[in-house]
file work-v4.txt (compact mmCIF, C-alpha atoms)
# COMPACT_ATOMS: atom_id res chain seq x y z
CA GLU A 28 -8.00 -92.55 50.68
CA ALA A 29 -6.76 -88.98 51.00
CA GLN A 30 -9.70 -86.68 50.66
CA VAL A 31 -11.65 -83.61 51.66
CA THR A 32 -15.25 -84.30 52.57
CA GLN A 33 -18.12 -81.86 52.80
CA ASN A 34 -21.62 -82.28 54.15
CA PRO A 35 -24.27 -81.84 53.09
CA ARG A 36 -23.78 -81.98 49.32
CA TYR A 37 -27.10 -80.30 48.64
CA LEU A 38 -29.15 -78.05 50.91
CA ILE A 39 -32.30 -76.02 50.41
CA THR A 40 -33.18 -73.74 53.29
CA VAL A 41 -35.08 -70.56 54.09
CA THR A 42 -33.92 -67.07 54.90
CA GLY A 43 -32.69 -66.67 58.45
CA LYS A 44 -32.39 -70.33 59.42
CA LYS A 45 -28.89 -70.96 60.76
CA LEU A 46 -26.91 -73.67 59.01
CA THR A 47 -23.49 -75.26 59.11
CA VAL A 48 -21.59 -76.90 56.28
CA THR A 49 -18.96 -79.27 57.55
CA CYS A 50 -15.54 -79.81 56.02
CA SER A 51 -13.03 -82.44 57.04
CA GLN A 52 -9.67 -83.54 55.64
CA ASN A 53 -7.65 -86.63 56.48
CA MET A 54 -4.27 -85.50 55.11
CA ASN A 55 -2.99 -83.64 58.20
CA HIS A 56 -3.00 -80.41 56.24
CA GLU A 57 -2.36 -77.11 57.95
CA TYR A 58 -4.06 -74.80 55.43
CA MET A 59 -7.80 -74.87 54.84
CA SER A 60 -10.07 -72.56 52.93
CA TRP A 61 -13.66 -71.96 51.88
CA TYR A 62 -14.66 -70.71 48.45
CA ARG A 63 -17.91 -69.90 46.75
CA GLN A 64 -18.40 -70.37 43.02
CA ASP A 65 -20.86 -68.23 41.10
CA PRO A 66 -21.41 -68.04 37.33
CA GLY A 67 -19.29 -65.35 35.75
CA LEU A 68 -17.47 -64.64 38.99
CA GLY A 69 -15.32 -67.74 39.25
CA LEU A 70 -14.06 -68.85 42.63
CA ARG A 71 -13.95 -66.35 45.46
CA GLN A 72 -12.44 -67.03 48.83
CA ILE A 73 -14.63 -66.63 51.92
CA TYR A 74 -12.29 -67.51 54.79
CA TYR A 75 -9.02 -69.30 55.20
CA SER A 76 -7.01 -70.80 58.01
CA MET A 77 -3.22 -71.13 57.99
CA ASN A 78 -3.39 -73.45 61.03
CA VAL A 79 -5.52 -74.02 64.11
CA GLU A 80 -4.35 -70.72 65.56
CA VAL A 81 -4.75 -68.47 62.52
CA THR A 82 -7.99 -67.81 60.68
CA ASP A 83 -8.67 -64.79 58.53
CA LYS A 84 -11.15 -63.27 56.11
CA GLY A 85 -10.94 -63.84 52.40
CA ASP A 86 -12.48 -61.65 49.74
CA VAL A 87 -16.18 -62.21 50.53
CA PRO A 88 -16.55 -62.95 54.28
CA GLU A 89 -19.78 -61.03 54.96
CA GLY A 90 -22.51 -63.24 56.35
CA TYR A 91 -20.20 -66.17 57.11
CA LYS A 92 -18.32 -67.50 60.13
CA VAL A 93 -15.77 -70.27 60.49
CA SER A 94 -13.98 -72.07 63.28
CA ARG A 95 -10.82 -74.19 63.41
CA LYS A 96 -10.89 -75.98 66.73
CA GLU A 97 -8.94 -78.93 65.39
CA LYS A 98 -6.68 -79.39 62.43
CA ARG A 99 -8.88 -81.68 60.38
CA ASN A 100 -12.18 -79.74 60.54
CA PHE A 101 -13.14 -76.33 59.21
CA PRO A 102 -16.91 -75.78 59.31
CA LEU A 103 -18.61 -72.90 57.52
CA ILE A 104 -21.44 -71.28 59.46
CA LEU A 105 -24.21 -69.10 58.07
CA GLU A 106 -25.89 -67.51 61.06
CA SER A 107 -28.73 -65.93 59.09
CA PRO A 108 -28.66 -67.05 55.46
CA SER A 109 -30.00 -64.77 52.77
CA PRO A 110 -30.87 -65.48 49.12
CA ASN A 111 -27.64 -63.86 47.90
CA GLN A 112 -25.76 -66.68 49.60
CA THR A 113 -27.27 -69.16 47.19
CA SER A 114 -24.15 -70.62 45.61
CA LEU A 115 -21.85 -73.59 45.18
CA TYR A 116 -19.41 -73.88 48.07
CA PHE A 117 -16.05 -75.63 48.11
CA CYS A 118 -13.74 -76.46 50.95
CA ALA A 119 -10.05 -77.00 50.18
CA SER A 120 -6.92 -77.92 52.06
CA SER A 121 -3.19 -77.94 51.38
CA LEU A 122 -0.14 -79.13 53.24
CA VAL A 123 1.17 -75.84 54.62
CA TYR A 124 0.70 -72.96 52.22
CA PRO A 125 -2.00 -72.11 49.68
CA THR A 126 0.69 -72.44 47.00
CA ASP A 127 1.03 -76.12 47.84
CA THR A 128 -1.38 -78.28 45.86
CA GLN A 129 -4.87 -77.57 47.12
CA TYR A 130 -7.26 -80.50 47.43
CA PHE A 131 -10.90 -79.63 47.01
CA GLY A 132 -14.00 -81.20 48.43
CA PRO A 133 -16.88 -82.25 46.15
CA GLY A 134 -18.87 -79.08 46.78
CA THR A 135 -22.08 -78.11 48.56
CA ARG A 136 -24.88 -76.61 46.53
CA LEU A 137 -26.85 -74.26 48.76
CA THR A 138 -30.17 -72.67 47.89
CA VAL A 139 -31.63 -70.04 50.22
CA LEU A 140 -35.29 -69.25 49.58
CA ALA B 18 -3.54 -56.30 43.68
CA GLN B 19 -2.62 -59.62 42.15
CA SER B 20 -5.10 -60.77 39.54
CA VAL B 21 -5.57 -63.09 36.61
CA ALA B 22 -7.80 -62.72 33.58
CA GLN B 23 -9.25 -65.46 31.46
CA PRO B 24 -10.50 -63.66 28.37
CA GLU B 25 -12.51 -66.53 26.93
CA ASP B 26 -15.65 -67.84 28.60
CA GLN B 27 -15.61 -70.88 26.34
CA VAL B 28 -13.19 -72.60 24.00
CA ASN B 29 -14.35 -75.12 21.43
CA VAL B 30 -11.97 -77.58 19.81
CA ALA B 31 -12.28 -80.82 17.88
CA GLU B 32 -10.85 -83.99 19.31
CA GLY B 33 -7.29 -84.54 18.17
CA ASN B 34 -6.61 -80.85 17.59
CA PRO B 35 -4.30 -78.80 19.80
CA LEU B 36 -5.95 -76.68 22.46
CA THR B 37 -5.02 -73.45 24.20
CA VAL B 38 -6.78 -71.87 27.17
CA LYS B 39 -5.58 -68.34 27.79
CA CYS B 40 -4.61 -66.65 31.03
CA THR B 41 -2.95 -63.30 31.63
CA TYR B 42 -1.78 -62.06 34.99
CA SER B 43 -1.05 -58.85 36.85
CA VAL B 44 1.30 -59.12 39.82
CA SER B 45 3.92 -57.24 41.74
CA GLY B 46 6.96 -59.34 42.41
CA ASN B 47 7.52 -62.87 41.20
CA PRO B 48 4.37 -64.60 40.05
CA TYR B 49 3.28 -67.97 41.38
CA LEU B 50 0.80 -69.23 38.76
CA PHE B 51 -1.51 -72.22 38.76
CA TRP B 52 -4.02 -74.11 36.65
CA TYR B 53 -6.86 -76.11 38.16
CA VAL B 54 -9.57 -78.11 36.37
CA GLN B 55 -13.15 -78.79 37.41
CA TYR B 56 -14.93 -81.75 35.87
CA PRO B 57 -18.76 -81.78 36.02
CA ASN B 58 -20.14 -82.18 39.55
CA ARG B 59 -16.66 -82.40 41.04
CA GLY B 60 -14.34 -80.20 43.03
CA LEU B 61 -11.31 -78.57 41.46
CA GLN B 62 -8.19 -80.60 40.76
CA PHE B 63 -4.63 -79.32 40.49
CA LEU B 64 -3.07 -79.47 37.01
CA LEU B 65 0.22 -77.62 37.21
CA LYS B 66 2.04 -74.61 38.61
CA TYR B 67 4.87 -72.25 37.79
CA ILE B 68 7.06 -70.84 40.54
CA THR B 69 10.48 -70.50 38.97
CA GLY B 70 12.72 -72.18 36.42
CA ASP B 71 11.80 -73.49 33.00
CA ASN B 72 9.11 -71.41 31.30
CA LEU B 73 7.40 -74.54 30.00
CA VAL B 74 5.69 -76.41 32.80
CA LYS B 75 4.35 -79.92 32.36
CA GLY B 76 1.41 -81.14 34.37
CA SER B 77 -1.20 -83.83 34.71
CA TYR B 78 -3.16 -85.49 31.89
CA GLY B 79 -0.74 -84.29 29.19
CA PHE B 80 -1.30 -80.60 29.84
CA GLU B 81 1.45 -78.02 29.81
CA ALA B 82 1.61 -74.27 30.28
CA GLU B 83 4.01 -71.65 29.03
CA PHE B 84 5.04 -68.78 31.26
CA ASN B 85 5.73 -65.64 29.23
CA LYS B 86 7.00 -62.78 31.33
CA SER B 87 7.04 -60.16 28.57
CA GLN B 88 3.41 -60.86 27.67
CA THR B 89 2.38 -61.56 31.29
CA SER B 90 0.69 -64.73 30.14
CA PHE B 91 0.41 -68.31 31.36
CA HIS B 92 -1.55 -70.14 28.68
CA LEU B 93 -2.58 -73.76 29.15
CA LYS B 94 -1.93 -76.07 26.21
CA LYS B 95 -2.31 -79.64 25.07
CA PRO B 96 -1.07 -81.01 21.73
CA SER B 97 -4.07 -83.28 21.09
CA ALA B 98 -7.42 -82.73 22.80
CA LEU B 99 -9.62 -85.52 24.11
CA VAL B 100 -13.38 -85.43 24.60
CA SER B 101 -12.68 -86.22 28.25
CA ASP B 102 -10.78 -82.92 28.56
CA SER B 103 -14.10 -81.10 28.43
CA ALA B 104 -14.28 -79.24 31.74
CA LEU B 105 -14.01 -75.85 33.41
CA TYR B 106 -10.44 -74.56 33.72
CA PHE B 107 -9.28 -72.00 36.26
CA CYS B 108 -6.09 -69.98 36.28
CA ALA B 109 -4.89 -68.67 39.65
CA VAL B 110 -2.14 -66.51 41.11
CA ARG B 111 -0.66 -66.26 44.58
CA ASP B 112 -1.83 -63.24 46.53
CA ARG B 113 0.77 -60.76 47.79
CA SER B 114 -0.02 -61.81 51.35
CA PHE B 115 1.24 -65.31 50.49
CA GLN B 116 -1.83 -66.56 52.31
CA LYS B 117 -4.27 -67.24 49.50
CA LEU B 118 -4.77 -67.79 45.79
CA VAL B 119 -6.78 -65.50 43.55
CA PHE B 120 -8.70 -67.39 40.88
CA GLY B 121 -9.86 -66.27 37.47
CA THR B 122 -13.42 -66.53 36.27
CA GLY B 123 -12.85 -69.82 34.50
CA THR B 124 -12.93 -71.00 30.88
CA ARG B 125 -15.18 -73.79 29.74
CA LEU B 126 -13.48 -76.15 27.31
CA LEU B 127 -15.68 -78.20 25.01
CA VAL B 128 -14.01 -80.90 22.94
CA SER B 129 -16.22 -82.31 20.22
CA PRO B 130 -15.81 -85.85 18.85
call {"tool": "encode", "arguments": {"input": "work-v4.txt", "output": "structure tokens"}}
result
Amino acid sequence: EAQVTQNPRYLITVTGKKLTVTCSQNMNHEYMSWYRQDPGLGLRQIYYSMNVEVTDKGDVPEGYKVSRKEKRNFPLILESPSPNQTSLYFCASSLVYPTDTQYFGPGTRLTVL
Amino acid sequence: AQSVAQPEDQVNVAEGNPLTVKCTYSVSGNPYLFWYVQYPNRGLQFLLKYITGDNLVKGSYGFEAEFNKSQTSFHLKKPSALVSDSALYFCAVRDRSFQKLVFGTGTRLLVSP
């Protein structure tokens, strides 16, 4: 089944404790992206990757890192999480461009205490 | 900057009635416009997109959207609403960089039996 998977689905952590949210797609997509969803603010892009060689900041990259060592994986790293990073996070992928149909993962609900 | 506005936080409609979810856009150049839907506890799913051609775009689950250049609008419509259409709907536009989408704040649709 073609899909985007994220792990973990739910995470409660404390301020300053490094964490990684994994994202993997099995559709051989070039484009991958991370979003955060907050009430009243909609979906905001954190980072995106056009391919394994190109990764760039989205609209809200502060406090986040990503890597794209292989095409299928695009982990999101929070080196020192803070309470304002409490949010619902989505990974998405599309064939080549962001204007191609984007396929979203099920989401990761993160709470930082 | 490219942007979309969804003026209604929530739309209520009775099952069987037509529904409209509004979206207006602000872009330079030709707009690439999208609608995505988020069902409870799920990631977003693609509904439809407008790039060029016919102003009336048909999408998944019986939804359609009308591109109106003079009113800079891209409203989502369905002739007869179902209770199962209850979800969060996002309008999006391609960014000028061609490397990402910019999403609106979302409109919650509630269809009552």
call {"tool": "residues_around", "arguments": {"input": "work-v4.txt", "residues": "Val119 in chain B", "least_positions_apart": "4", "cutoff": "10 Å", "atoms": "all atoms listed in the file", "output": "PyMOL selection string"}}
result
(chain A and resi 69-72+85-86) or (chain B and resi 18-21+50-51+108-113)
call {"tool": "axis_aligned_box", "arguments": {"input": "work-v4.txt", "around": "range 35-42 of chain B", "padding_each_side": "4 Å", "output": "AutoDock Vina command-line options"}}
result
--center_x -4.3 --center_y -70.4 --center_z 27.4 --size_x 13.0 --size_y 24.7 --size_z 23.2
call {"tool": "closest_atom_pairs", "arguments": {"input": "work-v4.txt", "of": "chain B", "to": "chain A", "cutoff": "7 Å", "atoms": "only C-alpha atoms", "output": "Markdown table"}}
result
| residue | atom | partner | partner_atom | distance |
| --- | --- | --- | --- | --- |
| B:Arg59 | CA | A:Pro133 | CA | 5.1 |
| B:Gly60 | CA | A:Pro133 | CA | 4.5 |
| B:Leu61 | CA | A:Phe131 | CA | 5.7 |
| B:Gln62 | CA | A:Tyr130 | CA | 6.7 |
| B:Phe63 | CA | A:Thr128 | CA | 6.4 |
| B:Arg111 | CA | A:Thr126 | CA | 6.8 |
| B:Gln116 | CA | A:Pro125 | CA | 6.1 |
| B:Lys117 | CA | A:Pro125 | CA | 5.4 |
| B:Leu118 | CA | A:Pro125 | CA | 6.4 |
| B:Phe120 | CA | A:Leu70 | CA | 5.8 |
| B:Gly121 | CA | A:Gly69 | CA | 5.9 |
| B:Thr122 | CA | A:Gly69 | CA | 3.7 |
| B:Gly123 | CA | A:Gly69 | CA | 5.7 |
call {"tool": "residues_near_point", "arguments": {"input": "work-v4.txt", "point": "(7.9, -67.8, 30.9)", "cutoff": "12 Å", "atoms": "all atoms listed in the file", "output": "mmCIF file with C-alpha atoms, in the coordinates of the input"}}
result
data_model
loop_
_atom_site.group_PDB
_atom_site.id
_atom_site.type_symbol
_atom_site.label_atom_id
_atom_site.label_comp_id
_atom_site.auth_asym_id
_atom_site.auth_seq_id
_atom_site.Cartn_x
_atom_site.Cartn_y
_atom_site.Cartn_z
ATOM 1 C CA THR B 41 -2.950 -63.300 31.630
ATOM 2 C CA TYR B 42 -1.780 -62.060 34.990
ATOM 3 C CA ASN B 47 7.520 -62.870 41.200
ATOM 4 C CA PRO B 48 4.370 -64.600 40.050
ATOM 5 C CA TYR B 49 3.280 -67.970 41.380
ATOM 6 C CA LEU B 50 0.800 -69.230 38.760
ATOM 7 C CA LYS B 66 2.040 -74.610 38.610
ATOM 8 C CA TYR B 67 4.870 -72.250 37.790
ATOM 9 C CA ILE B 68 7.060 -70.840 40.540
ATOM 10 C CA THR B 69 10.480 -70.500 38.970
ATOM 11 C CA GLY B 70 12.720 -72.180 36.420
ATOM 12 C CA ASP B 71 11.800 -73.490 33.000
ATOM 13 C CA ASN B 72 9.110 -71.410 31.300
ATOM 14 C CA LEU B 73 7.400 -74.540 30.000
ATOM 15 C CA VAL B 74 5.690 -76.410 32.800
ATOM 16 C CA ALA B 82 1.610 -74.270 30.280
ATOM 17 C CA GLU B 83 4.010 -71.650 29.030
ATOM 18 C CA PHE B 84 5.040 -68.780 31.260
ATOM 19 C CA ASN B 85 5.730 -65.640 29.230
ATOM 20 C CA LYS B 86 7.000 -62.780 31.330
ATOM 21 C CA SER B 87 7.040 -60.160 28.570
ATOM 22 C CA GLN B 88 3.410 -60.860 27.670
ATOM 23 C CA THR B 89 2.380 -61.560 31.290
ATOM 24 C CA SER B 90 0.690 -64.730 30.140
ATOM 25 C CA PHE B 91 0.410 -68.310 31.360
ATOM 26 C CA HIS B 92 -1.550 -70.140 28.680
#
call {"tool": "atom_distance", "arguments": {"input": "work-v4.txt", "atom1": "CA of Val93 in chain A", "atom2": "CA of Pro110 in chain A"}}
result
19.5 Å
call {"tool": "residues_around", "arguments": {"input": "work-v4.txt", "residues": "Lys45 in chain A", "least_positions_apart": "5", "cutoff": "10 Å", "atoms": "all atoms listed in the file", "output": "ChimeraX atom specification"}}
result
/A:40,104-108
call {"tool": "decode", "arguments": {"input": "work-v4.txt", "residues": "range 30-127 of chain B", "atoms": "C-alpha atoms", "output": "PDB file, in the first residue's frame"}}
result
ATOM      1  CA  VAL B  30     -25.267  22.618   6.529  1.00  0.00           C
ATOM      2  CA  ALA B  31     -28.032  20.036   6.666  1.00  0.00           C
ATOM      3  CA  GLU B  32     -27.585  16.728   4.925  1.00  0.00           C
ATOM      4  CA  GLY B  33     -28.910  16.845   1.386  1.00  0.00           C
ATOM      5  CA  ASN B  34     -28.432  20.593   1.028  1.00  0.00           C
ATOM      6  CA  PRO B  35     -25.778  22.136  -1.200  1.00  0.00           C
ATOM      7  CA  LEU B  36     -22.590  23.269   0.489  1.00  0.00           C
ATOM      8  CA  THR B  37     -20.027  25.951  -0.257  1.00  0.00           C
ATOM      9  CA  VAL B  38     -16.694  26.472   1.491  1.00  0.00           C
ATOM     10  CA  LYS B  39     -15.126  29.774   0.547  1.00  0.00           C
ATOM     11  CA  CYS B  40     -11.555  30.570  -0.431  1.00  0.00           C
ATOM     12  CA  THR B  41     -10.063  33.751  -1.844  1.00  0.00           C
ATOM     13  CA  TYR B  42      -6.519  34.099  -3.059  1.00  0.00           C
ATOM     14  CA  SER B  43      -3.841  36.700  -3.610  1.00  0.00           C
ATOM     15  CA  VAL B  44      -1.115  35.819  -6.104  1.00  0.00           C
ATOM     16  CA  SER B  45       1.199  37.314  -8.654  1.00  0.00           C
ATOM     17  CA  GLY B  46       1.187  35.387 -11.880  1.00  0.00           C
ATOM     18  CA  ASN B  47      -0.984  32.408 -12.660  1.00  0.00           C
ATOM     19  CA  PRO B  48      -2.509  30.798  -9.608  1.00  0.00           C
ATOM     20  CA  TYR B  49      -2.171  27.101  -8.853  1.00  0.00           C
ATOM     21  CA  LEU B  50      -4.989  26.416  -6.372  1.00  0.00           C
ATOM     22  CA  PHE B  51      -5.790  23.351  -4.304  1.00  0.00           C
ATOM     23  CA  TRP B  52      -8.297  21.912  -1.868  1.00  0.00           C
ATOM     24  CA  TYR B  53      -7.361  19.329   0.742  1.00  0.00           C
ATOM     25  CA  VAL B  54      -9.587  17.679   3.358  1.00  0.00           C
ATOM     26  CA  GLN B  55      -8.709  16.411   6.817  1.00  0.00           C
ATOM     27  CA  TYR B  56     -10.988  13.853   8.429  1.00  0.00           C
ATOM     28  CA  PRO B  57     -10.782  13.441  12.232  1.00  0.00           C
ATOM     29  CA  ASN B  58      -7.483  11.951  13.418  1.00  0.00           C
ATOM     30  CA  ARG B  59      -6.188  11.628   9.865  1.00  0.00           C
ATOM     31  CA  GLY B  60      -3.697  13.377   7.644  1.00  0.00           C
ATOM     32  CA  LEU B  61      -4.804  15.649   4.823  1.00  0.00           C
ATOM     33  CA  GLN B  62      -6.118  14.185   1.582  1.00  0.00           C
ATOM     34  CA  PHE B  63      -6.083  15.806  -1.842  1.00  0.00           C
ATOM     35  CA  LEU B  64      -9.497  16.771  -3.250  1.00  0.00           C
ATOM     36  CA  LEU B  65      -8.847  18.778  -6.392  1.00  0.00           C
ATOM     37  CA  LYS B  66      -6.686  21.427  -8.029  1.00  0.00           C
ATOM     38  CA  TYR B  67      -6.857  24.167 -10.615  1.00  0.00           C
ATOM     39  CA  ILE B  68      -3.867  24.932 -12.806  1.00  0.00           C
ATOM     40  CA  THR B  69      -5.348  26.006 -16.113  1.00  0.00           C
ATOM     41  CA  GLY B  70      -8.310  25.316 -18.365  1.00  0.00           C
ATOM     42  CA  ASP B  71     -11.944  24.945 -17.400  1.00  0.00           C
ATOM     43  CA  ASN B  72     -12.927  27.164 -14.488  1.00  0.00           C
ATOM     44  CA  LEU B  73     -15.030  24.385 -12.970  1.00  0.00           C
ATOM     45  CA  VAL B  74     -12.835  21.664 -11.539  1.00  0.00           C
ATOM     46  CA  LYS B  75     -14.232  18.312 -10.465  1.00  0.00           C
ATOM     47  CA  GLY B  76     -12.593  16.321  -7.725  1.00  0.00           C
ATOM     48  CA  SER B  77     -12.969  13.418  -5.358  1.00  0.00           C
ATOM     49  CA  TYR B  78     -16.113  12.448  -3.410  1.00  0.00           C
ATOM     50  CA  GLY B  79     -18.403  14.568  -5.611  1.00  0.00           C
ATOM     51  CA  PHE B  80     -16.724  17.866  -4.782  1.00  0.00           C
ATOM     52  CA  GLU B  81     -16.071  20.589  -7.319  1.00  0.00           C
ATOM     53  CA  ALA B  82     -14.567  24.056  -7.198  1.00  0.00           C
ATOM     54  CA  GLU B  83     -15.072  27.118  -9.319  1.00  0.00           C
ATOM     55  CA  PHE B  84     -12.145  29.326 -10.223  1.00  0.00           C
ATOM     56  CA  ASN B  85     -13.213  32.962 -10.568  1.00  0.00           C
ATOM     57  CA  LYS B  86     -10.406  35.221 -11.693  1.00  0.00           C
ATOM     58  CA  SER B  87     -12.316  38.504 -11.398  1.00  0.00           C
ATOM     59  CA  GLN B  88     -13.299  37.758  -7.807  1.00  0.00           C
ATOM     60  CA  THR B  89     -10.006  35.980  -6.993  1.00  0.00           C
ATOM     61  CA  SER B  90     -11.978  33.126  -5.509  1.00  0.00           C
ATOM     62  CA  PHE B  91     -11.815  29.339  -5.572  1.00  0.00           C
ATOM     63  CA  HIS B  92     -14.869  28.162  -3.651  1.00  0.00           C
ATOM     64  CA  LEU B  93     -15.420  24.483  -2.935  1.00  0.00           C
ATOM     65  CA  LYS B  94     -18.909  23.163  -3.635  1.00  0.00           C
ATOM     66  CA  LYS B  95     -21.008  20.034  -3.488  1.00  0.00           C
ATOM     67  CA  PRO B  96     -24.622  19.768  -4.681  1.00  0.00           C
ATOM     68  CA  SER B  97     -25.820  17.512  -1.851  1.00  0.00           C
ATOM     69  CA  ALA B  98     -23.955  17.264   1.455  1.00  0.00           C
ATOM     70  CA  LEU B  99     -23.443  14.031   3.367  1.00  0.00           C
ATOM     71  CA  VAL B 100     -22.867  13.647   7.097  1.00  0.00           C
ATOM     72  CA  SER B 101     -19.614  11.926   6.172  1.00  0.00           C
ATOM     73  CA  ASP B 102     -18.415  15.160   4.524  1.00  0.00           C
ATOM     74  CA  SER B 103     -17.954  16.641   7.989  1.00  0.00           C
ATOM     75  CA  ALA B 104     -14.253  17.474   8.165  1.00  0.00           C
ATOM     76  CA  LEU B 105     -11.696  20.271   8.087  1.00  0.00           C
ATOM     77  CA  TYR B 106     -11.102  21.735   4.628  1.00  0.00           C
ATOM     78  CA  PHE B 107      -7.965  23.570   3.565  1.00  0.00           C
ATOM     79  CA  CYS B 108      -7.443  25.780   0.542  1.00  0.00           C
ATOM     80  CA  ALA B 109      -3.858  26.188  -0.694  1.00  0.00           C
ATOM     81  CA  VAL B 110      -1.904  28.095  -3.327  1.00  0.00           C
ATOM     82  CA  ARG B 111       1.459  27.487  -4.940  1.00  0.00           C
ATOM     83  CA  ASP B 112       4.208  29.723  -3.615  1.00  0.00           C
ATOM     84  CA  ARG B 113       6.070  31.973  -6.067  1.00  0.00           C
ATOM     85  CA  SER B 114       9.198  29.900  -5.519  1.00  0.00           C
ATOM     86  CA  PHE B 115       7.362  26.904  -7.022  1.00  0.00           C
ATOM     87  CA  GLN B 116       8.806  24.923  -4.139  1.00  0.00           C
ATOM     88  CA  LYS B 117       5.974  24.849  -1.645  1.00  0.00           C
ATOM     89  CA  LEU B 118       2.276  25.322  -1.021  1.00  0.00           C
ATOM     90  CA  VAL B 119       0.813  27.957   1.262  1.00  0.00           C
ATOM     91  CA  PHE B 120      -2.239  26.725   3.149  1.00  0.00           C
ATOM     92  CA  GLY B 121      -5.167  28.649   4.541  1.00  0.00           C
ATOM     93  CA  THR B 122      -6.320  28.428   8.124  1.00  0.00           C
ATOM     94  CA  GLY B 123      -8.966  25.826   7.368  1.00  0.00           C
ATOM     95  CA  THR B 124     -12.768  25.706   7.517  1.00  0.00           C
ATOM     96  CA  ARG B 125     -14.602  23.158   9.588  1.00  0.00           C
ATOM     97  CA  LEU B 126     -17.641  21.741   7.810  1.00  0.00           C
ATOM     98  CA  LEU B 127     -20.384  20.234   9.941  1.00  0.00           C
TER      99      LEU B 127
END
